Structure formats: C-alpha cells, structure tokens
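Enquirer: Structure in structure tokens, see below.
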Protein chains: 2
Amino acid sequence: VSADADPIPRTVSWDAERPAVRLIDQRRLPGSLEFLDCRTVDEVCVAILGLAVRGAPALGATGAYGIALAAAVGEDVERAAAALVATRPTAVNLAWGVQRAVAAWSARGTGAARALAGGAAGALAEAERVADEDVACNRALGAAGAALLGDGARVLTHCNAGSLACVGYGTAVGVIRAAAEAGKGPRVWVDETRPVLQGARLTAWELDRLGIPATLVADVAAAGLMAAGEVDCVIVGADRVAANGDVANKVGTYGLAVLARHHGIPFYVAAPTSTIDLATPDGAAIVVEQRPAEEVTTIAGVRVAPDGVVARNPAFDVTPTSLVTALITEHGLATPPLRSFLSAT
Amino acid sequence: VSADADPIPRTVSWDAERPAVRLIDQRRLPGSLEFLDCRTVDEVCVAILGLAVRGAPALGATGAYGIALAAAVGEDVERAAAALVATRPTAVNLAWGVQRAVAAWSARGTGAARALAGGAAGALAEAERVADEDVACNRALGAAGAALLGDGARVLTHCNAGSLACVGYGTAVGVIRAAAEAGKGPRVWVDETRPVLQGARLTAWELDRLGIPATLVADVAAAGLMAAGEVDCVIVGADRVAANGDVANKVGTYGLAVLARHHGIPFYVAAPTSTIDLATPDGAAIVVEQRPAEEVTTIAGVRVAPDGVVARNPAFDVTPTSLVTALITEHGLATPPLRSFLSAT
C-alpha cells in the first residue's frame with residue numbers, strides 16, 4: 001500500500017476494485033496477518049465495534065473511508081456518518097475523520113449535481129488525505145518525541161499506540177521507532193494491557209517486526225519495575241485530549257501516570273493534534289465507554305471467572321494534565337492551554 | 001472436615017486412610033471443586049510448584065502435613081523438609097509449617113526409638129494444630145480487621161487472600177467476611193490478578209459462595225475506581241512481612257499501595273503473625289520469585305503473545321511499610337518494629 005517498504009502494512013486502506021474499506025483484522029493478530037474487506041458501512045461499523053480496528057488515529061481514517069464507501073456505493077451518507085460516529089464514543093478522531101470526508105462530499109453540491117460533480121470522488125480523496133497525513137504526522141511526532149529519549153532508554157508503554165492504532169508508523173511506538181532509527185537503541189517494556197491484551201497481541205508483534213528489543217509484562221508488574229529503577233520513561237497514546245490537557249486513554253494509563261509521578265519518571269503522551277478536542281474543556285467532560293463484562297470474565301474464549309459473576313469494564317480512564325510531563329504532537333511538545341498551542345501551529 | 005458448616009471446605013486436610021495430604025485443586029476452580037490427594041512428598045511438591053495449592057498460610061499447613069506424610073509413609077523426613085521448603089522461596093509460612101512438624105517429629109527421639117514413641121503421630125498432631133490454629137487465627141484477624149470497616153464499605157482486594165489461601169476463613173477475605181457477619185454489608189472490588197488470575201478464579205468464587213456482593217475488574221481499572229471515589233479501602237494479604245514492616249505480596253500489591261496513598265485511601269495488609277519473618281530485616285532482603293514466561297504469554301492454555309516474545313514474570317513485589325496504613329494480625333493491629341509487637345503478644 002505504501003511505497004516505503006514499511007515492515008507493517010497500513011492498518012486502513014482503500015480497495016478501489018470492490019470497492020471496500022480494507023482493514024488489518026487485529027483480532028487475528030498475533031497469530032496471523034489477515035485483511036478484512038468491508039463493502040458496506042454496516043460492515044465497517046461491525047468491524048469497529050468488534051475491535052477488528054481500534055486506536056484513535058486508525059478510527060479517524062476508518063471513519064473517513066467509511067464515508068467514502070457510503071458515497072461510492074450509494075448509501076445514505078448522513079445516516080452512515082451518524083452510524084459510524086456512534087460506534088465508539090471516546091475517540092474524538094472518529095468523528096473528526098467522518099466529518100472531514102462528509103465535508104468534502106458536501107462541498108460538491110447537492111443531489112444529482114453532487115453526483116455529477118464527483119461527491120464520492122471528493123470523499124475518497126479526502127479519506128486518502130486523512131490517511132496519508134496520519135503517517136506523515138506520526139513520523140513528525142516520532143521525531144519530536146525521540147529527542148526526549150536518551151541512548152538505551154528503557155521505555156514502558158501501555159496498550160497499542162503503534163502502527164496498528166494509526167494508519168501507519170504509530171504515535172507512542174512511533175516515538176520509540178524514531179529513536180531506534182536515530183540509533184539510540186531504545187528497549188521497551190510492553191504492558192500486556194488487559195482486558196483486550198492489545199500490548200501482548202499488537203505492540204509486541206509490531207516491535208518484533210521492527211526488530212526493537214521488547215519484554216512483555218503483566219500490567220501489575222510495572223510498579224515493581226519502576227521501583228527497581230528499570231523504567232526511564234512511560235510513553236502512551238491518547239484517545240482524546242481535552243482543552244486543558246487532561247488525557248483519556250486505555251484503562252490503566254491513569255494508574256501508570258500516578259506511579260510514574262511517585263517514582264519521578266517522565267510520563268509522556270504521544271498524540272496527533274487531531275486527538276485534541278477543544279470542545280471538551282477537561283477530563284470530567286469525557287464520556288468513558290463501558291465495554292462488555294465478557295472481556296473480563298473470559299480470555300481468548302475461555303471462561304476464567306465463575307458463572308454469574310458481575311464485572312465492571314471501563315475501556316478508558318482519564319489522566320489529569322498535572323501528571324503529564326509532556327504532550328508530544330506532530331508540531332512538537334504541546335503545553336496547555338491547548339487552544340493557544342493549536343492557534344500557533 | 002470442619003464441623004462449622006463453612007460453605008468453603010478446608011484447603012488442606014489429612015486423609016488418614018490412604019494416608020494422603022488432601023488439597024482443593026485450585027487449578028480446577030472456578031469450573032469445579034475437586035480434591036487432589038498427594039500420597040508422596042514429591043506429589044506434594046509438584047502440587048505446590050503447579051499452584052494446585054498457593055497462599056502463604058495454606059502453604060504453611062501443606063508443609064506441615066507434607067512432613068506428617070513423610071513420617072507416616074517412611075520417607076526421609078529431613079530430605080522431605082528440604083524439598084518442600086525449596087518449592088516456593090518467598091512464602092515464609094512454608095518453612096515455618098515444615099519446621100513445626102519436623103520439630104514435633106524430632107521431639108520423639110531418634111531412629112527406632114522415635115518410631116516406637118510415635119514420631120509420625122507427633123508430626124501429624126502438629127500439622128493438625130497448624131491447620132486448626134490457622135482457622136482460629138484468621139477468625140481473630142478477621143474480627144480485628146472488621147472493626148476498621150464502616151457500614152457498606154467498598155473494599156478492593158487483590159489476588160486471593162481468602163479461605164483458599166489459608167486452611168480456612170481467609171485473611172483479607174476473612175476481614176471482609178467478618179464485616180459481613182457483623183452486619184456491615186461490605187461490597188468488594190475483586191482485582192482479577194494477572195497473570196494467574198487468582199482474583200477472578202478464586203476470590204470471586206469464594207465471595208459468591210459466601211453471598212458477599214462482589215464486582216470483578218481488570219487490575220488496570222483500580223486506579224480509575226479510586227479516582228471516582230468508589231473505593232473506601234484496600235485490603236490484601238501477605239506472603240512475607242519483614243521485621244521493619246515491609247510486605248512481600250502478589251505482584252500488583254505495591255502499585256495498589258502507591259495508588260491508595262495518592263488517593264488518600266487506607267491500605268491494609270491482613271496477615272497472621274506467622275507471616276512475619278524477623279530474620280528478614282526489610283523488603284530489600286526478600287527474594288522475589290520469578291515465574292515462567294508462559295504465565296504471561298498464554299492464558300488458559302491459549303497463546304496470546306507472538307511466538308518468541310520475551311516476558312518478565314515476577315510473582316511478587318515489595319510494598320514499603322510507609323505505604324501500609326495498618327498490619328492486621330490475629331493479635332490486633334501491628335505497628336513496626338514488629339519484633340517488639342511479637343514480644344508483647
């Protein structure tokens with residue numbers, strides 16, 4: 001898909017022949033690298049809901065391609081937009097990607113005039129821009145973040161903020177990757193990231209493909225590693241950054257931020273500026289999605305808890321900006337208030 | 001086994017007919033309640049190594065019964081003692097239980113004279129005392145701890161410090177149970193406790209049998225619950241308490257202690273005084289057992305991480321005494337230095 005021989009294919013792309021939104025099916029990883037072709041918006045929604053694709057920047061591109069698909073196959077674009085946005089409430093990029101493609105589609109007029117003027121082509125071109133910009137953005141973000149890492153830095157990361165969470169290259173993993181490309185020889189502690197195990201399944205897989213030394217740990221081991229002086233910094237991604245700098249990210253992120261502060265370890269959030277939502281004043285305004293109890297009570301299809309047990313399964317938590325050492329973006333390090341930062345870029 | 005109609009059978013008991021050390025096979029829980037009869041010391045060691053039985057107080061009784069078994073079937077008792085103690089390096093109670101039974105056996109003289117004087121009977125009687133004392137001790141500990149809980153307290157616990165970690169009743173769960181028996185209506189957040197899932201598999205099962213309301217969460221959810229004001233206190237058990245009050249317990253305990261301190265939430269350690277090891281001056285002297293990588297890379301027999309990934313799997317971590325609000329023992333709340341506390345009991 002991309003010409004730069006990336007060892008990891010793009011997470012989201014367009015198959016013009018079908019047409020289809022083509023996704024790496026992340027539920028099959030790390031066992032096998034398979035692609036899922038979605039030929040209707042409903043199929044895209046099901047893929048998002050089932051976590052075949054996840055990660056804020058990847059969802060942005062998926063949303064944009066979903067609109068391109070709706071326009072290409074003649075589905076109702078407004079209905080498609082509503083359905084796509086409703087799948088995951090926390091990731092702001094999803095709505096942002098959808099809106100960009102809808103705007104490009106709308107710009108070609110209305111009704112039959114829009115069809116003649118290439119509304120579908122406009123939506124697709126915008127989706128391709130969203131995707132290409134994501135990769136370029138992550139490379140810039142990675143370079144900015146790599147400057148923060150010393151030689152041989154031991155980085156702890158949580159969940160998957162890698163190529164698979166984006167269209168390509170990655171955000172938190174992008175920083176590590178840029179440090180590796182700069183010859184700094186980073187080493188990574190990979191939190192397995194219960195309940196869905198994105199760290200064990202996806203981040204460990206990416207780092208292996210990239211040849212970056214990584215050690216997998218249960219999430220609960222992070223505190224002991226910090227106490228033993230074996231962690232130089234924590235780098236995570238973000239699903240949404242509020243205007244005041246509060247960060248919503250995979251559940252477990254907030255605990256790591258508290259632990260990092262306790263141990264005097266820098267805690268970095270790597271996120272493109274598209275993740276910043278000025279309409280969300282602070283973390284208290286962020287909707288935290290609750291996911292099915294079965295993600296906790298079963299693992300890989302095997303039931304691990306007694307029948308009938310009640311489980312609580314928040315997908316995200318909120319880290320206050322006071323615990324974030326720096327927000328790494330494609331425009332460099334951002335400091336709150338983020339409205340001013342964005343105006344200046 | 002016990003006459004008090006406990007809804008949970010004793011974890012460790014003696015089958016005089018075989019003879020055998022009878023264990024609840026905790027690897028079968030929560031799917032089914034099955035017993036494992038060990039008829040040789042090697043079988044006891046294999047059961048301990050395979051986590052059929054675990055938990056510091058349960059290991060103490062298992063060690064004592066293991067010596068009774070060696071004496072009963074004519075195995076070399078000194079060799080049996082060394083083999084049993086070597087199975088798990090962190091739990092001090094294991095060596096303590098073994099030593100009590102060996103001492104009772106030795107007290108009956110040597111050689112043929114010991115056999116005539118009932119060395120085996122002496123070892124068994126001591127093992128039964130270790131087991132009975134454990135249950136009585138946990139009831140006393142539970143009552144002391146329950147006094148710390150308010151009505152409707154929302155208690156977060158980690159791993160399994162319940163009946164299954166002891167001979168019966170439990171330590172951390174014993175406190176919750178005593179509060180329930182006192183009509184205080186406690187509710188419990190159960191950390192699933194990766195990698196071996198003792199919380200999901202064992203603690204959730206016990207609380208269900210006891211009729212105490214419980215909600216299972218992934219370990220990473222604890223911080224968010226604390227931030228949301230949904231946790232009134234944390235109560236955990238201990239595998240070893242050093243003379244200065246530092247606590248070795250299941251990996252993840254230390255992180256919870258840091259989080260509890262950050263949120264101003266009391267952090268209690270419930271442990272019988274047999275868990276206190278005055279020969280260990282502080283946490284730095286505690287050997288932390290490293291367990292197989294497969295506990296992290298596979299779950300319930302299903303591989304979740306890429307082939308060849310490196311994993312670090314410490315079984316325990318160390319919580320400094322400064323983060324422990326109170327150590328709850330069968331003699332009430334203990335404050336360091338624990339040598340003085342133990343002298344006064």
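Just so we're on the same page: first chain in the structure tokens is A, next is B, and so on; residues restart at 1 for each chain, and ligands are numbered from 1 in the order they show up.
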Please report as CSV every residue of chain A lying within 9 Å of chain B, along with the nearest atom pair and their distance in Å (one decimal), using only C-alpha atoms.

Expert:
residue,atom,partner,partner_atom,distance
A:Leu29,CA,B:Pro306,CA,8.2
A:Pro30,CA,B:Pro306,CA,5.3
A:Gly31,CA,B:Pro306,CA,6.9
A:Val190,CA,B:Ala311,CA,8.9
A:Glu192,CA,B:Val296,CA,8.1
A:Thr193,CA,B:Val220,CA,7.9
A:Arg194,CA,B:Ala218,CA,6.3
A:Pro195,CA,B:Ala218,CA,6.3
A:Leu197,CA,B:Val304,CA,7.7
A:Gly199,CA,B:Ala305,CA,8.6
A:Ala200,CA,B:Ala305,CA,4.9
A:Arg201,CA,B:Ala305,CA,5.0
A:Leu202,CA,B:Ala305,CA,8.2
A:Ala204,CA,B:Pro306,CA,6.9
A:Trp205,CA,B:Pro306,CA,5.9
A:Asp208,CA,B:Val309,CA,7.7
A:Pro213,CA,B:Val310,CA,8.9
A:Ala214,CA,B:Val310,CA,6.9
A:Thr215,CA,B:Val310,CA,5.0
A:Leu216,CA,B:Ala311,CA,4.4
A:Val217,CA,B:Arg312,CA,5.5
A:Ala218,CA,B:Pro195,CA,6.3
A:Asp219,CA,B:Val220,CA,6.9
A:Val220,CA,B:Gly252,CA,4.3
A:Ala221,CA,B:Val251,CA,6.1
A:Ala222,CA,B:Gly255,CA,7.9
A:Ala223,CA,B:Gly255,CA,5.1
A:Gly224,CA,B:Asp317,CA,6.0
A:Val251,CA,B:Ala221,CA,6.1
A:Gly252,CA,B:Val220,CA,4.3
A:Thr253,CA,B:Val220,CA,8.0
A:Tyr254,CA,B:Ala223,CA,6.7
A:Gly255,CA,B:Ala223,CA,5.1
A:Leu256,CA,B:Ala223,CA,8.9
A:Val258,CA,B:Leu259,CA,6.8
A:Leu259,CA,B:Val258,CA,6.8
A:His262,CA,B:Val258,CA,7.4
A:Ala293,CA,B:Leu216,CA,8.9
A:Val296,CA,B:Ala218,CA,6.4
A:Thr297,CA,B:Ala200,CA,7.5
A:Ile299,CA,B:Ile299,CA,6.9
A:Ala300,CA,B:Val302,CA,6.7
A:Val302,CA,B:Ala300,CA,6.7
A:Arg303,CA,B:Ala300,CA,8.6
A:Val304,CA,B:Arg201,CA,6.0
A:Ala305,CA,B:Ala200,CA,4.9
A:Pro306,CA,B:Pro30,CA,5.3
A:Asp307,CA,B:Pro30,CA,8.4
A:Gly308,CA,B:Asp208,CA,9.0
A:Val309,CA,B:Thr215,CA,7.1
A:Val310,CA,B:Thr215,CA,5.0
A:Ala311,CA,B:Leu216,CA,4.4
A:Arg312,CA,B:Val217,CA,5.5
A:Asn313,CA,B:Val217,CA,6.5
A:Pro314,CA,B:Ala221,CA,7.1
A:Ala315,CA,B:Ala221,CA,8.8
A:Phe316,CA,B:Ala221,CA,8.6
A:Asp317,CA,B:Gly224,CA,6.0
A:Val318,CA,B:Gly224,CA,7.6

Enquirer: Applying 12 Å and only C-alpha atoms, which residues near Ala136 (chain B) remain after dropping the ones on its own chain fewer than 5 positions away? List them as a list in words.

Expert: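 Final neighbour list, sorted by chain and number: Ser2, Asp4, Arg129, Val130, Ala131, Leu141, Gly142, Ala143, Cys166, Val167, Gly168, Tyr169, Gly170, Thr171, Gly174, Pro272, Thr329, Glu330 and His331 of chain B.
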
Enquirer: Those same residues, written as a compact mmCIF listing (two decimals), in the first residue's frame with all heavy atoms?

Expert:
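out23.txt written:
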# COMPACT_ATOMS: atom_id res chain seq x y z
N SER B 2 -14.26 -29.63 58.66
CA SER B 2 -14.51 -28.86 59.87
C SER B 2 -15.99 -29.01 60.22
O SER B 2 -16.82 -29.32 59.37
CB SER B 2 -14.18 -27.39 59.66
OG SER B 2 -15.14 -26.79 58.82
N ASP B 4 -18.00 -26.69 61.38
CA ASP B 4 -18.78 -25.47 61.45
C ASP B 4 -19.53 -25.15 60.15
O ASP B 4 -19.93 -24.00 59.95
CB ASP B 4 -17.88 -24.29 61.87
CG ASP B 4 -16.64 -24.20 61.00
OD1 ASP B 4 -16.54 -24.98 60.01
OD2 ASP B 4 -15.79 -23.36 61.28
N ARG B 129 -2.57 -29.22 64.37
CA ARG B 129 -2.58 -27.99 65.17
C ARG B 129 -2.32 -26.76 64.30
O ARG B 129 -2.99 -25.74 64.44
CB ARG B 129 -1.52 -28.06 66.28
CG ARG B 129 -2.05 -28.56 67.63
CD ARG B 129 -1.04 -28.34 68.77
NE ARG B 129 0.19 -29.10 68.59
CZ ARG B 129 0.34 -30.38 68.92
NH1 ARG B 129 -0.65 -31.05 69.49
NH2 ARG B 129 1.49 -30.98 68.72
N VAL B 130 -1.35 -26.88 63.39
CA VAL B 130 -1.06 -25.77 62.46
C VAL B 130 -2.34 -25.41 61.70
O VAL B 130 -2.70 -24.23 61.58
CB VAL B 130 0.07 -26.14 61.48
CG1 VAL B 130 0.15 -25.14 60.33
CG2 VAL B 130 1.41 -26.21 62.21
N ALA B 131 -3.06 -26.42 61.23
CA ALA B 131 -4.26 -26.19 60.43
C ALA B 131 -5.38 -25.57 61.28
O ALA B 131 -6.00 -24.57 60.89
CB ALA B 131 -4.74 -27.49 59.80
N LEU B 141 -8.19 -12.54 63.39
CA LEU B 141 -7.69 -11.49 62.50
C LEU B 141 -8.87 -10.79 61.81
O LEU B 141 -8.91 -9.55 61.70
CB LEU B 141 -6.77 -12.16 61.49
CG LEU B 141 -6.03 -11.38 60.42
CD1 LEU B 141 -4.86 -12.21 59.90
CD2 LEU B 141 -6.93 -10.98 59.27
N GLY B 142 -9.83 -11.57 61.35
CA GLY B 142 -10.99 -11.01 60.67
C GLY B 142 -11.75 -10.05 61.57
O GLY B 142 -12.15 -8.96 61.15
N ALA B 143 -11.95 -10.47 62.80
CA ALA B 143 -12.69 -9.62 63.75
C ALA B 143 -11.94 -8.31 64.00
O ALA B 143 -12.53 -7.23 64.04
CB ALA B 143 -12.91 -10.37 65.05
N CYS B 166 -5.54 -20.02 52.69
CA CYS B 166 -5.27 -20.45 54.07
C CYS B 166 -5.80 -21.87 54.20
O CYS B 166 -6.10 -22.52 53.22
CB CYS B 166 -6.00 -19.53 55.05
SG CYS B 166 -5.71 -17.77 54.77
N VAL B 167 -5.93 -22.34 55.43
CA VAL B 167 -6.65 -23.60 55.63
C VAL B 167 -8.15 -23.31 55.55
O VAL B 167 -8.92 -24.07 54.97
CB VAL B 167 -6.26 -24.23 56.98
CG1 VAL B 167 -7.06 -25.50 57.23
CG2 VAL B 167 -4.75 -24.52 57.00
N GLY B 168 -8.54 -22.17 56.11
CA GLY B 168 -9.94 -21.78 56.05
C GLY B 168 -10.13 -20.33 56.45
O GLY B 168 -9.21 -19.67 56.95
N TYR B 169 -11.29 -19.79 56.17
CA TYR B 169 -11.78 -18.47 56.55
C TYR B 169 -11.11 -17.32 55.80
O TYR B 169 -11.80 -16.43 55.33
CB TYR B 169 -11.67 -18.23 58.05
CG TYR B 169 -12.63 -17.16 58.54
CD1 TYR B 169 -13.99 -17.41 58.68
CD2 TYR B 169 -12.17 -15.87 58.82
CE1 TYR B 169 -14.87 -16.42 59.10
CE2 TYR B 169 -13.04 -14.88 59.23
CZ TYR B 169 -14.39 -15.16 59.38
OH TYR B 169 -15.26 -14.19 59.79
N GLY B 170 -9.79 -17.33 55.68
CA GLY B 170 -9.12 -16.28 54.91
C GLY B 170 -8.59 -15.15 55.76
O GLY B 170 -8.98 -14.98 56.92
N THR B 171 -7.67 -14.38 55.17
CA THR B 171 -7.07 -13.24 55.87
C THR B 171 -7.73 -11.95 55.37
O THR B 171 -8.63 -11.43 56.03
CB THR B 171 -5.54 -13.24 55.68
OG1 THR B 171 -5.24 -13.27 54.29
CG2 THR B 171 -4.92 -14.44 56.37
N GLY B 174 -11.06 -12.80 55.01
CA GLY B 174 -11.56 -13.03 56.37
C GLY B 174 -12.05 -11.74 57.01
O GLY B 174 -13.06 -11.72 57.72
N PRO B 272 -1.49 -13.27 59.30
CA PRO B 272 -1.22 -13.84 60.62
C PRO B 272 0.23 -13.55 61.02
O PRO B 272 1.08 -13.34 60.14
CB PRO B 272 -1.45 -15.33 60.41
CG PRO B 272 -1.26 -15.56 58.95
CD PRO B 272 -1.69 -14.29 58.28
N THR B 329 -3.39 -8.37 62.32
CA THR B 329 -2.99 -9.73 62.71
C THR B 329 -4.03 -10.31 63.67
O THR B 329 -4.96 -9.61 64.08
CB THR B 329 -1.62 -9.76 63.41
OG1 THR B 329 -1.81 -9.35 64.79
CG2 THR B 329 -0.62 -8.85 62.73
N GLU B 330 -3.84 -11.57 64.03
CA GLU B 330 -4.75 -12.21 64.98
C GLU B 330 -4.61 -11.60 66.38
O GLU B 330 -5.47 -11.82 67.24
CB GLU B 330 -4.53 -13.73 65.01
CG GLU B 330 -3.25 -14.20 65.68
CD GLU B 330 -2.02 -14.17 64.77
OE1 GLU B 330 -2.02 -13.40 63.79
OE2 GLU B 330 -1.05 -14.90 65.08
N HIS B 331 -3.56 -10.83 66.61
CA HIS B 331 -3.38 -10.14 67.89
C HIS B 331 -3.70 -8.66 67.77
O HIS B 331 -3.25 -7.85 68.58
CB HIS B 331 -1.95 -10.33 68.40
CG HIS B 331 -1.58 -11.77 68.63
ND1 HIS B 331 -2.26 -12.59 69.49
CD2 HIS B 331 -0.60 -12.55 68.07
CE1 HIS B 331 -1.72 -13.81 69.47
NE2 HIS B 331 -0.72 -13.81 68.61

Enquirer: Which of region 135-188 of chain B end up as strand (DSSP E or B) when DSSP is run on this backbone - answer as an NGL selection string?

Expert: :B and (154-157 or 187-188)

Enquirer: I need the residues from that last selection saved to file as an mmCIF file, in the first residue's frame (with all heavy atoms), if you can.

Expert:
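To be explicit, this is the file written out as result-v3.cif:
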data_model
loop_
_atom_site.group_PDB
_atom_site.id
_atom_site.type_symbol
_atom_site.label_atom_id
_atom_site.label_comp_id
_atom_site.auth_asym_id
_atom_site.auth_seq_id
_atom_site.Cartn_x
_atom_site.Cartn_y
_atom_site.Cartn_z
ATOM 1 N N ARG B 154 -16.732 -0.220 50.676
ATOM 2 C CA ARG B 154 -16.358 -0.769 49.372
ATOM 3 C C ARG B 154 -14.862 -1.077 49.425
ATOM 4 O O ARG B 154 -14.032 -0.183 49.433
ATOM 5 C CB ARG B 154 -16.703 0.237 48.285
ATOM 6 C CG ARG B 154 -18.235 0.485 48.221
ATOM 7 C CD ARG B 154 -18.549 1.793 47.556
ATOM 8 N NE ARG B 154 -17.889 2.907 48.251
ATOM 9 C CZ ARG B 154 -17.873 4.159 47.795
ATOM 10 N NH1 ARG B 154 -18.474 4.460 46.666
ATOM 11 N NH2 ARG B 154 -17.256 5.109 48.476
ATOM 12 N N VAL B 155 -14.580 -2.370 49.495
ATOM 13 C CA VAL B 155 -13.219 -2.851 49.722
ATOM 14 C C VAL B 155 -12.637 -3.369 48.415
ATOM 15 O O VAL B 155 -13.282 -4.161 47.731
ATOM 16 C CB VAL B 155 -13.227 -4.004 50.751
ATOM 17 C CG1 VAL B 155 -11.813 -4.517 50.990
ATOM 18 C CG2 VAL B 155 -13.900 -3.574 52.046
ATOM 19 N N LEU B 156 -11.453 -2.937 48.075
ATOM 20 C CA LEU B 156 -10.765 -3.509 46.915
ATOM 21 C C LEU B 156 -9.732 -4.514 47.413
ATOM 22 O O LEU B 156 -8.973 -4.226 48.338
ATOM 23 C CB LEU B 156 -10.095 -2.417 46.082
ATOM 24 C CG LEU B 156 -9.493 -2.896 44.742
ATOM 25 C CD1 LEU B 156 -9.717 -1.828 43.664
ATOM 26 C CD2 LEU B 156 -8.006 -3.195 44.844
ATOM 27 N N THR B 157 -9.742 -5.719 46.828
ATOM 28 C CA THR B 157 -8.729 -6.708 47.197
ATOM 29 C C THR B 157 -8.053 -7.246 45.947
ATOM 30 O O THR B 157 -8.603 -7.168 44.840
ATOM 31 C CB THR B 157 -9.302 -7.831 48.087
ATOM 32 O OG1 THR B 157 -8.207 -8.599 48.605
ATOM 33 C CG2 THR B 157 -10.251 -8.747 47.317
ATOM 34 N N ARG B 187 -19.020 -4.460 50.365
ATOM 35 C CA ARG B 187 -19.035 -4.811 48.941
ATOM 36 C C ARG B 187 -17.594 -4.848 48.463
ATOM 37 O O ARG B 187 -16.766 -4.070 48.955
ATOM 38 C CB ARG B 187 -19.850 -3.785 48.155
ATOM 39 C CG ARG B 187 -21.358 -3.929 48.399
ATOM 40 C CD ARG B 187 -22.138 -2.862 47.655
ATOM 41 N NE ARG B 187 -21.929 -1.538 48.244
ATOM 42 C CZ ARG B 187 -22.076 -0.381 47.590
ATOM 43 N NH1 ARG B 187 -22.414 -0.396 46.317
ATOM 44 N NH2 ARG B 187 -21.886 0.773 48.197
ATOM 45 N N VAL B 188 -17.318 -5.698 47.518
ATOM 46 C CA VAL B 188 -15.925 -5.962 47.184
ATOM 47 C C VAL B 188 -15.636 -5.716 45.702
ATOM 48 O O VAL B 188 -16.383 -6.171 44.834
ATOM 49 C CB VAL B 188 -15.545 -7.424 47.542
ATOM 50 C CG1 VAL B 188 -14.051 -7.646 47.360
ATOM 51 C CG2 VAL B 188 -15.973 -7.758 48.971
#

Enquirer: Write down as a ChimeraX atom specification the residues belonging to region 141-311 of chain A that are assigned helix (DSSP H, G or I) by DSSP computed on the backbone.

Expert: /A:141-146,163-165,172-181,198-210,219-227,253-263,273-275,283-285,294-297

Enquirer: Might you pull out every residue within 10 Å of region 60-65 of chain B, with only C-alpha atoms counted and same-chain residues fewer than 5 positions away left off, and present them as number ranges by chain?

Expert: B: 11-14, 20-23, 41, 44-45, 47-48, 53-55, 70-71, 80-81, 83-85, 91-102, 123-134, 166-167, 274-275

Enquirer: Taking into account only C-alpha atoms, which residue in the set B:Ala279, B:Ala161, B:Ala242, B:Thr273 is nearest to Ser343 (chain B)?

Expert: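 Closest residue, counting only C-alpha atoms: B:Thr273.
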